[in-house]
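Notes follow the structure.
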Amino acid sequence: MESLHKSSALVSRTQGTGLDIVFLHGWGMNSGAFTSFIPYLDKNFQVTTIDLPGFGENSHYVPAPYSVENLADAIIQHLPDKCVLVGWSLGGLVAQKVAILAPDKLAGLVTIASTPRFIAGPCWPGIAADLLTMFEAQLEKNYQKTLERFLAIQAMGSETAKQDIKAIRQQVTKYPDPAEEALKKGLRILSSEDIRQEICRIVVPTLRLYGRLDSLVPTSSVDRICELHPQADAVVLPHASHAPFISHPQQTADILFRFVADVHQQKAS
């Protein structure tokens, strides 16, 4: 049974019973992206999804300035106490910021296909700057076409790429369209935000999950992220791309189960 929670700012949805686990989606998406994945979890967890400000059911709320810090502040107010926060892609950047700003709210942090800096730079593998510039230019003309191309890049490399794209597209289109401002400023965050020097301050147990075939968060960045945040565990799924919870849901769920069990065992001991 799913329940909808509305407050002065953000809408969230909760289903299942058990320990609290919260999901944040990526750029251009909404919580619909997790629709087919939640049934793998909701018999053991109380699963909450929160659309990022400016997206999905929270498209009405666009904080100014549209920054990672302001997105994190908005999310913090809606988190159940001592939850495990799971952030995918851009949502993972926001989740890392939440862990830095409000560690007491979290029992653990999981990032899926995410990084402290998305754009490539000197000695830092990432998204090519001209690719994000192209997306910004396309966004002005046609949001739907831009989203299709972004979905194609996210699934590229996965053996189930066509099904993955179709699944995500069907799930996210059931939610309201994002605010234009959030799309533009969200892309700007991907091209400019850099919290590499801050992630050493993350003290909650952390798992970083990657897909080996991911072209947006290349696995060549994994070692560098590990150097900056050595306390975190890293798992690379060998046949997954940017959305492992779509292409490999059971494997992703098993990894999450083990992580959450370890977190609560540590707390108990």
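In the structure tokens, the first chain shown is A, the next is B, and so on; residue numbers restart at 1 for each chain, and ligands run from 1 in the order shown.
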
Review point. Just asking: which residues within stretch 1-213 of chain A are strand (DSSP E) according to DSSP, as JSON, numbers by chain?
Key: {"A": [2, 3, 4, 5, 6, 11, 12, 13, 14, 15, 19, 20, 21, 22, 23, 24, 45, 46, 47, 48, 49, 50, 83, 84, 85, 86, 87, 88, 106, 107, 108, 109, 110, 111, 112, 206, 207, 208, 209, 210, 211]}

Would you list the contacts of A:Gly26 as a PDB file with N, CA and C atoms, in the first residue's frame, taking every protein, DNA or RNA residue within 6 Å and counting only C-alpha atoms, but skipping same-chain residues closer than 5 positions in sequence?
```
ATOM      1  N   TRP A  88      20.675   8.265  -7.122  1.00  0.00           N
ATOM      2  CA  TRP A  88      21.103   7.828  -8.461  1.00  0.00           C
ATOM      3  C   TRP A  88      21.544   9.039  -9.281  1.00  0.00           C
ATOM      4  N   SER A  89      22.741   8.981  -9.848  1.00  0.00           N
ATOM      5  CA  SER A  89      23.237   9.991 -10.772  1.00  0.00           C
ATOM      6  C   SER A  89      23.224  11.382 -10.101  1.00  0.00           C
ATOM      7  N   LEU A  90      22.488  12.365 -10.656  1.00  0.00           N
ATOM      8  CA  LEU A  90      22.412  13.683 -10.016  1.00  0.00           C
ATOM      9  C   LEU A  90      21.875  13.557  -8.594  1.00  0.00           C
ATOM     10  N   GLY A  91      20.930  12.630  -8.388  1.00  0.00           N
ATOM     11  CA  GLY A  91      20.404  12.394  -7.035  1.00  0.00           C
ATOM     12  C   GLY A  91      21.492  11.938  -6.082  1.00  0.00           C
TER      13      GLY A  91
END
```

Revision key, fill the gap. In terms of only C-alpha atoms, the residue from A:Ile255, A:Val217, A:Cys123, A:Val260 at minimal distance from A:Leu19 is A:Val260

Point to revise | Within 6 Å of stretch 58-72 of chain A using only C-alpha atoms, minus same-chain residues under 5 positions, as number ranges by chain | key: A: 10, 51, 53, 94, 98, 178-179

Check your understanding: Skipping near chain neighbours, those fewer than 2 positions away, what residues fall within 8 Å of stretch 171-174 of chain A using only C-alpha atoms, listed as a ChimeraX atom specification?
Key -> /A:29-35,167-169,176-177

Review point. Restricting the calculation to only C-alpha atoms, which member of A:Phe45, A:Phe37, A:Phe55, A:Phe135 is positioned closest to A:Tyr175?
Key: A:Phe55
